[in-house]
$ cat coords.pdb   # PDB, C-alpha atoms
ATOM      1  CA  MET A 498     -35.916 -18.473  51.853
ATOM      2  CA  LYS A 499     -36.393 -15.135  50.141
ATOM      3  CA  PHE A 500     -32.682 -14.456  50.594
ATOM      4  CA  SER A 501     -31.838 -17.786  48.994
ATOM      5  CA  ARG A 502     -34.067 -17.098  45.980
ATOM      6  CA  LEU A 503     -32.681 -13.595  45.539
ATOM      7  CA  SER A 504     -29.154 -14.934  45.832
ATOM      8  CA  SER A 505     -29.877 -17.570  43.219
ATOM      9  CA  LEU A 506     -31.307 -14.919  40.927
ATOM     10  CA  ALA A 507     -28.264 -12.707  41.417
ATOM     11  CA  VAL A 508     -25.925 -15.584  40.672
ATOM     12  CA  ALA A 509     -27.883 -16.396  37.549
ATOM     13  CA  CYS A 510     -27.703 -12.782  36.381
ATOM     14  CA  VAL A 511     -23.974 -12.603  36.993
ATOM     15  CA  ALA A 512     -23.479 -15.859  35.147
ATOM     16  CA  ALA A 513     -25.521 -14.588  32.205
ATOM     17  CA  LEU A 514     -23.542 -11.364  32.078
ATOM     18  CA  SER A 515     -20.292 -13.306  32.256
ATOM     19  CA  LEU A 516     -21.361 -15.503  29.386
ATOM     20  CA  GLY A 517     -22.313 -12.378  27.438
ATOM     21  CA  PHE A 518     -18.903 -10.806  28.016
ATOM     22  CA  ALA A 519     -17.160 -14.045  27.080
ATOM     23  CA  ALA A 520     -19.163 -14.275  23.887
ATOM     24  CA  THR A 521     -18.227 -10.695  23.041
ATOM     25  CA  ALA A 522     -14.546 -11.286  23.754
ATOM     26  CA  SER A 523     -14.396 -14.366  21.561
ATOM     27  CA  ALA A 524     -16.675 -13.094  18.785
ATOM     28  CA  GLU A 525     -15.258 -13.607  15.335
ATOM     29  CA  TRP A 526     -14.143 -10.480  13.495
ATOM     30  CA  PRO A 527     -15.851  -8.556  12.012
ATOM     31  CA  THR A 528     -19.092  -8.068  13.902
ATOM     32  CA  GLY A 529     -20.308  -5.300  11.579
ATOM     33  CA  ASP A 530     -19.272  -3.137   8.652
ATOM     34  CA  VAL A 531     -15.631  -2.030   8.875
ATOM     35  CA  THR A 532     -14.309   1.490   8.326
ATOM     36  CA  TYR A 533     -11.435   1.183   5.851
ATOM     37  CA  ILE A 534      -9.190   4.244   6.103
ATOM     38  CA  THR A 535      -7.045   5.118   3.089
ATOM     39  CA  ASN A 536      -4.367   7.790   3.403
ATOM     40  CA  PHE A 537      -4.341   8.751  -0.272
ATOM     41  CA  ASN A 538      -6.821  10.316  -2.656
ATOM     42  CA  PRO A 539      -9.785   8.374  -4.034
ATOM     43  CA  GLY A 540      -8.915   6.712  -7.331
ATOM     44  CA  GLY A 541      -5.351   5.716  -6.459
ATOM     45  CA  GLU A 542      -4.085   2.149  -6.087
ATOM     46  CA  SER A 543      -4.735   2.048  -2.336
ATOM     47  CA  ASP A 544      -8.358   3.044  -2.851
ATOM     48  CA  ILE A 545      -8.842   0.759  -5.842
ATOM     49  CA  THR A 546      -7.415  -2.208  -3.940
ATOM     50  CA  ALA A 547      -9.790  -1.718  -1.021
ATOM     51  CA  ARG A 548     -12.770  -1.430  -3.336
ATOM     52  CA  MET A 549     -11.749  -4.537  -5.268
ATOM     53  CA  GLN A 550     -11.612  -6.467  -1.996
ATOM     54  CA  GLU A 551     -15.010  -5.405  -0.699
ATOM     55  CA  SER A 552     -17.275  -7.792  -2.615
ATOM     56  CA  THR A 553     -15.151 -10.783  -1.582
ATOM     57  CA  PHE A 554     -14.923  -9.479   2.004
ATOM     58  CA  LYS A 555     -18.713  -9.211   2.117
ATOM     59  CA  LYS A 556     -19.134 -12.676   0.628
ATOM     60  CA  ILE A 557     -16.900 -14.179   3.320
ATOM     61  CA  THR A 558     -17.963 -12.133   6.354
ATOM     62  CA  GLY A 559     -21.413 -10.786   5.530
ATOM     63  CA  HIS A 560     -20.161  -7.246   6.164
ATOM     64  CA  GLY A 561     -18.850  -4.445   3.967
ATOM     65  CA  PHE A 562     -16.482  -1.484   4.086
ATOM     66  CA  ILE A 563     -17.150   2.140   4.954
ATOM     67  CA  TYR A 564     -14.513   4.180   3.123
ATOM     68  CA  GLN A 565     -12.736   7.075   4.764
ATOM     69  CA  TYR A 566      -9.805   9.162   3.490
ATOM     70  CA  ARG A 567      -7.089  10.948   5.482
ATOM     71  CA  VAL A 568      -4.951  12.560   2.834
ATOM     72  CA  GLY A 569      -1.742  14.477   3.444
ATOM     73  CA  ALA A 570       2.053  14.292   3.735
ATOM     74  CA  GLY A 571       2.325  11.252   1.482
ATOM     75  CA  GLY A 572       0.204   9.162   3.850
ATOM     76  CA  ALA A 573       1.950  10.304   7.037
ATOM     77  CA  ALA A 574      -1.011  12.433   8.127
ATOM     78  CA  GLY A 575      -3.096   9.260   8.390
ATOM     79  CA  TRP A 576      -0.510   6.923   9.901
ATOM     80  CA  ALA A 577       0.226   9.511  12.584
ATOM     81  CA  GLN A 578      -3.424   9.096  13.647
ATOM     82  CA  LEU A 579      -3.531   5.286  13.496
ATOM     83  CA  ASN A 580      -3.253   4.715  17.237
ATOM     84  CA  ARG A 581      -5.967   7.282  17.933
ATOM     85  CA  ILE A 582      -8.708   5.494  16.039
ATOM     86  CA  THR A 583     -11.065   3.055  17.704
ATOM     87  CA  SER A 584      -9.477  -0.241  18.749
ATOM     88  CA  ASP A 585     -12.639  -2.349  18.855
ATOM     89  CA  GLY A 586     -11.957  -3.811  15.413
ATOM     90  CA  SER A 587     -14.463  -1.612  13.622
ATOM     91  CA  ALA A 588     -11.725   0.339  11.782
ATOM     92  CA  ILE A 589      -8.603  -0.612   9.850
ATOM     93  CA  MET A 590      -6.079   1.475   7.927
ATOM     94  CA  GLY A 591      -4.318   0.733   4.650
ATOM     95  CA  ILE A 592      -0.507   0.736   4.675
ATOM     96  CA  ASN A 593       2.075   1.220   1.952
ATOM     97  CA  THR A 594       5.755   0.410   1.747
ATOM     98  CA  PRO A 595       8.290   1.901   1.577
ATOM     99  CA  HIS A 596       6.371   4.852   3.065
ATOM    100  CA  ILE A 597       5.966   3.520   6.610
ATOM    101  CA  PHE A 598       9.684   2.648   6.761
ATOM    102  CA  LEU A 599      11.224   5.673   5.083
ATOM    103  CA  GLN A 600       9.024   8.522   6.294
ATOM    104  CA  PRO A 601      10.049   8.226   9.969
ATOM    105  CA  LEU A 602      13.711   8.211   8.906
ATOM    106  CA  ALA A 603      13.233  11.601   7.242
ATOM    107  CA  GLY A 604      12.326  13.331  10.497
ATOM    108  CA  ASN A 605       9.377  13.835  12.813
ATOM    109  CA  VAL A 606       6.324  12.788  10.807
ATOM    110  CA  GLY A 607       4.109  12.047  13.793
ATOM    111  CA  TYR A 608       4.687   8.302  13.935
ATOM    112  CA  LYS A 609       7.406   5.645  13.986
ATOM    113  CA  THR A 610       7.501   2.475  11.935
ATOM    114  CA  GLU A 611       6.958   0.339  15.035
ATOM    115  CA  ASP A 612       3.737   2.291  15.743
ATOM    116  CA  VAL A 613       2.144   0.771  12.641
ATOM    117  CA  ASN A 614       0.741  -2.659  13.506
ATOM    118  CA  VAL A 615       0.415  -4.450  10.179
ATOM    119  CA  VAL A 616      -1.822  -7.523  10.258
ATOM    120  CA  TYR A 617      -1.634  -8.558   6.594
ATOM    121  CA  ILE A 618       0.196  -7.648   3.371
ATOM    122  CA  PHE A 619      -1.721  -8.722   0.297
ATOM    123  CA  GLN A 620       0.008  -7.380  -2.824
ATOM    124  CA  LEU A 621       3.037  -5.923  -4.563
ATOM    125  CA  THR A 622       2.664  -3.400  -7.356
ATOM    126  CA  PRO A 623       5.753  -3.302  -9.623
ATOM    127  CA  TYR A 624       7.275   0.059 -10.536
ATOM    128  CA  ALA A 625       6.830   1.364 -14.075
ATOM    129  CA  LEU A 626       8.210   4.420 -15.865
ATOM    130  CA  ILE A 627       5.475   6.005 -17.985
ATOM    131  CA  VAL A 628       5.219   8.762 -20.590
ATOM    132  CA  PRO A 629       2.249  10.076 -22.630
ATOM    133  CA  LYS A 630       1.550   8.113 -25.786
ATOM    134  CA  ASP A 631       2.646  10.980 -28.045
ATOM    135  CA  SER A 632       5.741  11.849 -25.976
ATOM    136  CA  PRO A 633       8.851  12.715 -27.984
ATOM    137  CA  ILE A 634      10.718  10.340 -25.656
ATOM    138  CA  LYS A 635      10.820   7.239 -27.819
ATOM    139  CA  ASP A 636      11.992   4.560 -25.392
ATOM    140  CA  LEU A 637      14.054   3.934 -22.254
ATOM    141  CA  ASP A 638      17.363   4.471 -24.038
ATOM    142  CA  ASP A 639      16.104   7.824 -25.311
ATOM    143  CA  TYR A 640      14.911   8.804 -21.818
ATOM    144  CA  ILE A 641      18.334   8.081 -20.345
ATOM    145  CA  ALA A 642      20.135   9.873 -23.195
ATOM    146  CA  ARG A 643      18.002  13.012 -22.782
ATOM    147  CA  ALA A 644      18.504  13.015 -19.024
ATOM    148  CA  LYS A 645      22.260  12.729 -19.416
ATOM    149  CA  ALA A 646      22.361  15.469 -22.033
ATOM    150  CA  ALA A 647      20.408  17.940 -19.885
ATOM    151  CA  PRO A 648      20.511  16.916 -16.185
ATOM    152  CA  GLY A 649      17.426  17.877 -14.190
ATOM    153  CA  THR A 650      15.340  19.058 -17.129
ATOM    154  CA  ILE A 651      13.059  16.011 -17.326
ATOM    155  CA  THR A 652      10.225  16.414 -14.809
ATOM    156  CA  VAL A 653       8.749  13.260 -13.334
ATOM    157  CA  ALA A 654       5.493  12.952 -11.366
ATOM    158  CA  GLY A 655       5.113  10.705  -8.340
ATOM    159  CA  THR A 656       3.046  10.331  -5.168
ATOM    160  CA  GLY A 657       4.456  12.088  -2.118
ATOM    161  CA  THR A 658       8.026  12.156  -0.832
ATOM    162  CA  ASN A 659       9.895   9.169   0.592
ATOM    163  CA  SER A 660       7.196   7.098  -1.095
ATOM    164  CA  ALA A 661       7.439   4.159  -3.494
ATOM    165  CA  PRO A 662       7.500   6.344  -6.658
ATOM    166  CA  HIS A 663      10.072   8.643  -5.031
ATOM    167  CA  VAL A 664      12.247   5.635  -4.195
ATOM    168  CA  ALA A 665      11.832   4.377  -7.760
ATOM    169  CA  LYS A 666      12.887   7.712  -9.212
ATOM    170  CA  GLU A 667      15.946   8.145  -6.996
ATOM    171  CA  SER A 668      17.032   4.505  -7.292
ATOM    172  CA  PHE A 669      16.675   4.426 -11.062
ATOM    173  CA  ASP A 670      18.507   7.738 -11.474
ATOM    174  CA  HIS A 671      21.323   6.384  -9.307
ATOM    175  CA  PHE A 672      21.694   3.126 -11.207
ATOM    176  CA  ALA A 673      21.276   4.768 -14.610
ATOM    177  CA  GLY A 674      23.687   7.614 -13.791
ATOM    178  CA  ILE A 675      21.178  10.376 -14.585
ATOM    179  CA  GLN A 676      19.455  13.300 -12.860
ATOM    180  CA  THR A 677      15.753  14.108 -13.235
ATOM    181  CA  THR A 678      13.408  16.378 -11.261
ATOM    182  CA  TYR A 679      10.779  14.739  -9.055
ATOM    183  CA  VAL A 680       7.378  16.441  -8.661
ATOM    184  CA  PRO A 681       5.304  14.975  -5.793
ATOM    185  CA  PHE A 682       1.497  14.766  -5.917
ATOM    186  CA  THR A 683      -1.017  13.646  -3.300
ATOM    187  CA  GLY A 684      -1.859  10.358  -5.014
ATOM    188  CA  THR A 685      -1.491   8.283  -8.174
ATOM    189  CA  ALA A 686      -4.673   9.711  -9.679
ATOM    190  CA  ALA A 687      -3.349  13.269  -9.280
ATOM    191  CA  ALA A 688       0.069  12.305 -10.646
ATOM    192  CA  SER A 689      -1.517  10.563 -13.631
ATOM    193  CA  ALA A 690      -3.688  13.608 -14.333
ATOM    194  CA  ALA A 691      -0.548  15.771 -14.300
ATOM    195  CA  LEU A 692       1.111  13.443 -16.802
ATOM    196  CA  LEU A 693      -1.851  13.387 -19.168
ATOM    197  CA  GLY A 694      -2.212  17.150 -18.773
ATOM    198  CA  ARG A 695       1.432  17.557 -19.859
ATOM    199  CA  GLN A 696       2.376  19.266 -16.584
ATOM    200  CA  VAL A 697       5.271  16.812 -16.359
ATOM    201  CA  GLN A 698       7.132  14.771 -18.964
ATOM    202  CA  ALA A 699       7.064  11.373 -17.272
ATOM    203  CA  GLN A 700       5.640   9.549 -14.279
ATOM    204  CA  TRP A 701       7.065   7.037 -11.848
ATOM    205  CA  ALA A 702       4.099   4.820 -11.066
ATOM    206  CA  PHE A 703       3.198   1.166 -11.293
ATOM    207  CA  THR A 704       2.073  -1.452 -13.780
ATOM    208  CA  THR A 705      -1.463  -0.789 -12.536
ATOM    209  CA  ALA A 706      -1.273   2.798 -13.772
ATOM    210  CA  GLY A 707      -0.295   1.482 -17.179
ATOM    211  CA  VAL A 708      -3.425  -0.672 -17.215
ATOM    212  CA  GLN A 709      -5.680   2.154 -16.008
ATOM    213  CA  GLN A 710      -4.403   4.722 -18.497
ATOM    214  CA  GLY A 711      -4.410   2.290 -21.400
ATOM    215  CA  ASP A 712      -3.550   3.660 -24.831
ATOM    216  CA  GLN A 713      -3.113   7.192 -23.462
ATOM    217  CA  VAL A 714       0.394   6.283 -22.283
ATOM    218  CA  ARG A 715       3.481   4.235 -23.096
ATOM    219  CA  LEU A 716       5.520   2.280 -20.583
ATOM    220  CA  LEU A 717       9.261   2.710 -21.039
ATOM    221  CA  GLY A 718      10.224  -0.040 -18.615
ATOM    222  CA  VAL A 719       9.079  -2.142 -15.643
ATOM    223  CA  ALA A 720      10.915  -3.119 -12.450
ATOM    224  CA  THR A 721      10.271  -6.856 -12.635
ATOM    225  CA  GLU A 722      12.640  -9.782 -13.007
ATOM    226  CA  GLU A 723      10.913 -10.865 -16.211
ATOM    227  CA  ARG A 724       8.622  -9.034 -18.628
ATOM    228  CA  HIS A 725       5.189  -8.399 -17.199
ATOM    229  CA  PRO A 726       2.502 -10.627 -18.796
ATOM    230  CA  LEU A 727       0.244  -7.610 -19.388
ATOM    231  CA  PHE A 728       3.066  -5.696 -21.119
ATOM    232  CA  PRO A 729       5.052  -8.251 -23.110
ATOM    233  CA  ASP A 730       6.558  -5.589 -25.386
ATOM    234  CA  VAL A 731       7.890  -3.461 -22.510
ATOM    235  CA  PRO A 732      11.463  -4.236 -21.434
ATOM    236  CA  THR A 733      12.503  -4.766 -17.852
ATOM    237  CA  PHE A 734      15.123  -2.382 -16.506
ATOM    238  CA  LYS A 735      17.416  -5.364 -16.000
ATOM    239  CA  GLU A 736      17.273  -6.053 -19.740
ATOM    240  CA  LYS A 737      18.755  -2.609 -20.231
ATOM    241  CA  GLY A 738      21.586  -3.306 -17.838
ATOM    242  CA  ILE A 739      20.011  -1.462 -14.889
ATOM    243  CA  ASP A 740      19.767  -3.784 -11.892
ATOM    244  CA  PHE A 741      16.582  -2.324 -10.480
ATOM    245  CA  THR A 742      13.474  -4.268  -9.431
ATOM    246  CA  GLY A 743      10.747  -3.604  -6.885
ATOM    247  CA  GLY A 744       7.480  -1.903  -6.166
ATOM    248  CA  ALA A 745       5.009  -0.895  -3.475
ATOM    249  CA  ARG A 746       3.521  -3.348  -1.011
ATOM    250  CA  ARG A 747       0.071  -2.795   0.413
ATOM    251  CA  GLY A 748      -1.722  -4.223   3.402
ATOM    252  CA  VAL A 749      -3.788  -3.289   6.438
ATOM    253  CA  ALA A 750      -2.875  -2.140   9.948
ATOM    254  CA  VAL A 751      -4.686  -1.637  13.252
ATOM    255  CA  PRO A 752      -4.157   0.527  16.350
ATOM    256  CA  ASN A 753      -2.202  -0.698  19.375
ATOM    257  CA  GLY A 754      -5.330  -1.425  21.369
ATOM    258  CA  VAL A 755      -6.538  -4.236  19.118
ATOM    259  CA  SER A 756      -5.971  -7.571  20.868
ATOM    260  CA  GLU A 757      -3.614 -10.227  19.547
ATOM    261  CA  GLU A 758      -6.575 -12.563  19.120
ATOM    262  CA  MET A 759      -8.437 -10.061  16.960
ATOM    263  CA  ARG A 760      -5.323  -9.262  14.918
ATOM    264  CA  GLN A 761      -5.006 -12.947  14.076
ATOM    265  CA  GLN A 762      -8.679 -13.115  13.159
ATOM    266  CA  MET A 763      -8.241 -10.133  10.841
ATOM    267  CA  SER A 764      -5.235 -11.775   9.243
ATOM    268  CA  ASP A 765      -7.200 -14.975   8.698
ATOM    269  CA  VAL A 766     -10.062 -13.081   7.064
ATOM    270  CA  PHE A 767      -7.772 -11.208   4.668
ATOM    271  CA  ALA A 768      -6.017 -14.464   3.823
ATOM    272  CA  LYS A 769      -9.375 -15.906   2.772
ATOM    273  CA  VAL A 770     -10.166 -12.754   0.795
ATOM    274  CA  ASN A 771      -6.820 -12.895  -0.987
ATOM    275  CA  GLN A 772      -7.270 -16.557  -1.950
ATOM    276  CA  ASP A 773     -10.570 -15.967  -3.706
ATOM    277  CA  PRO A 774     -10.032 -16.981  -7.380
ATOM    278  CA  ASP A 775     -12.234 -14.197  -8.784
ATOM    279  CA  LEU A 776     -10.459 -11.520  -6.757
ATOM    280  CA  ARG A 777      -7.030 -12.861  -7.703
ATOM    281  CA  LYS A 778      -7.897 -12.756 -11.386
ATOM    282  CA  ARG A 779      -9.279  -9.227 -11.164
ATOM    283  CA  MET A 780      -6.188  -8.031  -9.326
ATOM    284  CA  GLU A 781      -3.756  -9.730 -11.677
ATOM    285  CA  ASP A 782      -5.643  -8.372 -14.697
ATOM    286  CA  ALA A 783      -5.289  -4.911 -13.134
ATOM    287  CA  GLY A 784      -1.506  -5.279 -12.880
ATOM    288  CA  TYR A 785      -1.094  -6.326  -9.245
ATOM    289  CA  VAL A 786       1.116  -9.142  -7.997
ATOM    290  CA  LEU A 787      -0.566 -10.994  -5.115
ATOM    291  CA  LEU A 788       1.340 -11.497  -1.850
ATOM    292  CA  ASP A 789       0.202 -13.398   1.245
ATOM    293  CA  ILE A 790       2.087 -12.259   4.341
ATOM    294  CA  PRO A 791       0.011 -13.131   7.447
ATOM    295  CA  TYR A 792       0.226 -11.616  10.910
ATOM    296  CA  SER A 793       2.162 -14.620  12.238
ATOM    297  CA  GLU A 794       5.029 -13.847   9.816
ATOM    298  CA  MET A 795       4.846 -10.063   9.974
ATOM    299  CA  ALA A 796       7.549  -9.458  12.598
ATOM    300  CA  GLU A 797      10.248 -11.249  10.593
ATOM    301  CA  TYR A 798       9.016  -9.882   7.272
ATOM    302  CA  SER A 799       9.056  -6.336   8.655
ATOM    303  CA  ARG A 800      12.554  -6.852  10.012
ATOM    304  CA  GLN A 801      13.807  -7.845   6.561
ATOM    305  CA  LEU A 802      12.033  -4.920   4.910
ATOM    306  CA  SER A 803      13.504  -2.558   7.477
ATOM    307  CA  GLU A 804      17.023  -3.729   6.637
ATOM    308  CA  ASN A 805      16.359  -3.277   2.917
ATOM    309  CA  TYR A 806      14.934   0.205   3.358
ATOM    310  CA  GLN A 807      17.846   1.245   5.545
ATOM    311  CA  GLN A 808      19.981   0.686   2.445
ATOM    312  CA  VAL A 809      17.511   2.656   0.317
ATOM    313  CA  ALA A 810      17.596   5.485   2.879
ATOM    314  CA  ARG A 811      21.357   5.656   2.558
ATOM    315  CA  LEU A 812      21.030   5.804  -1.227
ATOM    316  CA  LEU A 813      18.567   8.683  -0.851
ATOM    317  CA  GLY A 814      20.925  10.476   1.518
ATOM    318  CA  MET A 815      18.429  10.294   4.388
ATOM    319  CA  ILE A 816      20.876   8.557   6.727
ATOM    320  CA  ARG A 817      24.583   7.742   6.704
TER     321      ARG A 817
END
$ encode --input "coords.pdb" --output "structure tokens"
Amino acid sequence: MKFSRLSSLAVACVAALSLGFAATASAEWPTGDVTYITNFNPGGESDITARMQESTFKKITGHGFIYQYRVGAGGAAGWAQLNRITSDGSAIMGINTPHIFLQPLAGNVGYKTEDVNVVYIFQLTPYALIVPKDSPIKDLDDYIARAKAAPGTITVAGTGTNSAPHVAKESFDHFAGIQTTYVPFTGTAAASAALLGRQVQAQWAFTTAGVQQGDQVRLLGVATEERHPLFPDVPTFKEKGIDFTGGARRGVAVPNGVSEEMRQQMSDVFAKVNQDPDLRKRMEDAGYVLLDIPYSEMAEYSRQLSENYQQVARLLGMIR
């Protein structure tokens, strides 16, 4: 009789533990505040995006972000560590394109593109060519004329190498038939400070930088199909006969150990965050273009991006 009672108690305990484990396994993400790792300096677009998302994320999930920065090598220092961070869902890492596609093509940067498990891409930031407000460079035609007259003498700030601004600089120079000198900085904030401090003559950045710097700068052109609604007086490069459009995409990634179920949950949460009307307005007013690429579509989307960036890599002379 005692054996029977003890056995029943043991069975009950095992059942309770099993239910506990099952509840843990199926718990909706997140279960607490999430560490959001950004691989660029505070104050850049990647950081600003994460901070803009937090209030909506907290409204939807009841949890917030804990910000962490791993700066270096144009983001590569952080992405090389992605699969070493905790895989329990308590940490995510921001990603940028074309960085995660082009950097591994340049050599051993500590990671490969397929090592970066992207669960959601939420925005595109169009390229913009920027000069100080009082720059002697009057407009895009003047910029091109000066560059042709004295190849390599115009210095242009950007963030990192084999990054979105670097791609913009090299692509534009190729299509415009000019040569300028690229000066890499650790983030957009640092590059913008160099521009305003007159350490460089121009900056390859994004429409967001134009919004942030306001009347301190002038945009010479934007890489959109049509004029940007925030900059109606700024021509597109296509208007000037230069067939160049594009920008940086941003999203979030997780380490290999995160389960498929949790990756889908993360994707669903960021989809809800990105659909919030207040967040969308704030992002659009800041110069961002909202994208909604969920985890279920990421494999095909990444394949297409990879093909596109293979062509860019050839243009940059990274591969043949």
$ residues_around --input "coords.pdb" --residues "range 651-666 of chain A" --least-positions-apart "2" --cutoff "6 Å" --atoms "only C-alpha atoms" --output "PDB file with C-alpha atoms, in the frame of the given file"
ATOM      1  CA  GLY A 571       2.325  11.252   1.482  1.00  0.00           C
ATOM      2  CA  PRO A 595       8.290   1.901   1.577  1.00  0.00           C
ATOM      3  CA  HIS A 596       6.371   4.852   3.065  1.00  0.00           C
ATOM      4  CA  LEU A 599      11.224   5.673   5.083  1.00  0.00           C
ATOM      5  CA  GLN A 600       9.024   8.522   6.294  1.00  0.00           C
ATOM      6  CA  GLY A 649      17.426  17.877 -14.190  1.00  0.00           C
ATOM      7  CA  SER A 668      17.032   4.505  -7.292  1.00  0.00           C
ATOM      8  CA  PHE A 669      16.675   4.426 -11.062  1.00  0.00           C
ATOM      9  CA  THR A 677      15.753  14.108 -13.235  1.00  0.00           C
ATOM     10  CA  THR A 678      13.408  16.378 -11.261  1.00  0.00           C
ATOM     11  CA  TYR A 679      10.779  14.739  -9.055  1.00  0.00           C
ATOM     12  CA  VAL A 680       7.378  16.441  -8.661  1.00  0.00           C
ATOM     13  CA  PRO A 681       5.304  14.975  -5.793  1.00  0.00           C
ATOM     14  CA  PHE A 682       1.497  14.766  -5.917  1.00  0.00           C
ATOM     15  CA  THR A 683      -1.017  13.646  -3.300  1.00  0.00           C
ATOM     16  CA  GLY A 684      -1.859  10.358  -5.014  1.00  0.00           C
ATOM     17  CA  THR A 685      -1.491   8.283  -8.174  1.00  0.00           C
ATOM     18  CA  ALA A 688       0.069  12.305 -10.646  1.00  0.00           C
ATOM     19  CA  VAL A 697       5.271  16.812 -16.359  1.00  0.00           C
ATOM     20  CA  GLN A 698       7.132  14.771 -18.964  1.00  0.00           C
ATOM     21  CA  ALA A 699       7.064  11.373 -17.272  1.00  0.00           C
ATOM     22  CA  GLN A 700       5.640   9.549 -14.279  1.00  0.00           C
ATOM     23  CA  TRP A 701       7.065   7.037 -11.848  1.00  0.00           C
ATOM     24  CA  ALA A 702       4.099   4.820 -11.066  1.00  0.00           C
ATOM     25  CA  ALA A 745       5.009  -0.895  -3.475  1.00  0.00           C
TER      26      ALA A 745
END
$ residues_around --input "coords.pdb" --residues "range 809-816 of chain A" --least-positions-apart "3" --cutoff "7 Å" --atoms "all atoms listed in the file" --output "VMD selection string"
chain A and resid 599 602 to 603 667 805 to 806
$ resolve_selection --input "coords.pdb" --expression "the PyMOL selection byres ((chain A and resi 562) around 10)" --output "ChimeraX atom specification"
/A:529-534,547-548,550-552,554-555,560-561,563-565,587-589
$ atom_distance --input "coords.pdb" --atom1 "CA of Met795 in chain A" --atom2 "CA of Phe619 in chain A"
11.8 Å
$ resolve_selection --input "coords.pdb" --expression "the PyMOL selection byres ((chain A and resi 780) around 10)" --output "NGL selection string"
:A and (545-546 or 549-550 or 620 or 705 or 771 or 774-779 or 781-787)
$ closest_residue --input "coords.pdb" --among "A:Leu579, A:Ile790, A:Ile618, A:Ala706" --to "Ser689 in chain A" --atoms "all atoms listed in the file"
A:Ala706
$ closest_residue --input "coords.pdb" --among "A:His671, A:Val719, A:Pro791, A:Ala690" --to "Arg760 in chain A" --atoms "all atoms listed in the file"
A:Pro791
$ decode --input "coords.pdb" --residues "range 657-672 of chain A" --atoms "N, CA and C atoms" --output "PDB file, in the first residue's frame"
ATOM      1  N   GLY A 657      32.005  52.054 -42.560  1.00  0.00           N
ATOM      2  CA  GLY A 657      32.648  50.778 -42.808  1.00  0.00           C
ATOM      3  C   GLY A 657      33.006  50.531 -44.263  1.00  0.00           C
ATOM      4  N   THR A 658      33.568  49.349 -44.515  1.00  0.00           N
ATOM      5  CA  THR A 658      33.874  48.914 -45.877  1.00  0.00           C
ATOM      6  C   THR A 658      32.960  47.754 -46.247  1.00  0.00           C
ATOM      7  N   ASN A 659      32.688  47.637 -47.538  1.00  0.00           N
ATOM      8  CA  ASN A 659      31.746  46.630 -48.045  1.00  0.00           C
ATOM      9  C   ASN A 659      30.396  46.755 -47.341  1.00  0.00           C
ATOM     10  N   SER A 660      30.053  47.992 -47.038  1.00  0.00           N
ATOM     11  CA  SER A 660      28.798  48.340 -46.368  1.00  0.00           C
ATOM     12  C   SER A 660      27.884  49.024 -47.375  1.00  0.00           C
ATOM     13  N   ALA A 661      26.676  49.375 -46.943  1.00  0.00           N
ATOM     14  CA  ALA A 661      25.734  50.044 -47.840  1.00  0.00           C
ATOM     15  C   ALA A 661      26.291  51.366 -48.374  1.00  0.00           C
ATOM     16  N   PRO A 662      26.825  52.268 -47.531  1.00  0.00           N
ATOM     17  CA  PRO A 662      27.388  53.508 -48.076  1.00  0.00           C
ATOM     18  C   PRO A 662      28.573  53.260 -49.013  1.00  0.00           C
ATOM     19  N   HIS A 663      29.383  52.243 -48.714  1.00  0.00           N
ATOM     20  CA  HIS A 663      30.510  51.923 -49.591  1.00  0.00           C
ATOM     21  C   HIS A 663      30.002  51.453 -50.951  1.00  0.00           C
ATOM     22  N   VAL A 664      28.979  50.602 -50.926  1.00  0.00           N
ATOM     23  CA  VAL A 664      28.363  50.148 -52.183  1.00  0.00           C
ATOM     24  C   VAL A 664      27.800  51.332 -52.956  1.00  0.00           C
ATOM     25  N   ALA A 665      27.131  52.244 -52.234  1.00  0.00           N
ATOM     26  CA  ALA A 665      26.555  53.418 -52.888  1.00  0.00           C
ATOM     27  C   ALA A 665      27.641  54.237 -53.566  1.00  0.00           C
ATOM     28  N   LYS A 666      28.727  54.470 -52.863  1.00  0.00           N
ATOM     29  CA  LYS A 666      29.816  55.275 -53.405  1.00  0.00           C
ATOM     30  C   LYS A 666      30.399  54.641 -54.661  1.00  0.00           C
ATOM     31  N   GLU A 667      30.751  53.351 -54.565  1.00  0.00           N
ATOM     32  CA  GLU A 667      31.378  52.675 -55.698  1.00  0.00           C
ATOM     33  C   GLU A 667      30.418  52.538 -56.882  1.00  0.00           C
ATOM     34  N   SER A 668      29.163  52.224 -56.587  1.00  0.00           N
ATOM     35  CA  SER A 668      28.173  52.065 -57.665  1.00  0.00           C
ATOM     36  C   SER A 668      27.922  53.390 -58.368  1.00  0.00           C
ATOM     37  N   PHE A 669      27.735  54.447 -57.585  1.00  0.00           N
ATOM     38  CA  PHE A 669      27.473  55.751 -58.186  1.00  0.00           C
ATOM     39  C   PHE A 669      28.670  56.206 -59.015  1.00  0.00           C
ATOM     40  N   ASP A 670      29.874  56.072 -58.464  1.00  0.00           N
ATOM     41  CA  ASP A 670      31.071  56.461 -59.212  1.00  0.00           C
ATOM     42  C   ASP A 670      31.153  55.711 -60.536  1.00  0.00           C
ATOM     43  N   HIS A 671      30.816  54.426 -60.490  1.00  0.00           N
ATOM     44  CA  HIS A 671      30.860  53.607 -61.716  1.00  0.00           C
ATOM     45  C   HIS A 671      29.869  54.129 -62.748  1.00  0.00           C
ATOM     46  N   PHE A 672      28.636  54.325 -62.325  1.00  0.00           N
ATOM     47  CA  PHE A 672      27.597  54.745 -63.273  1.00  0.00           C
ATOM     48  C   PHE A 672      27.782  56.184 -63.738  1.00  0.00           C
TER      49      PHE A 672
END
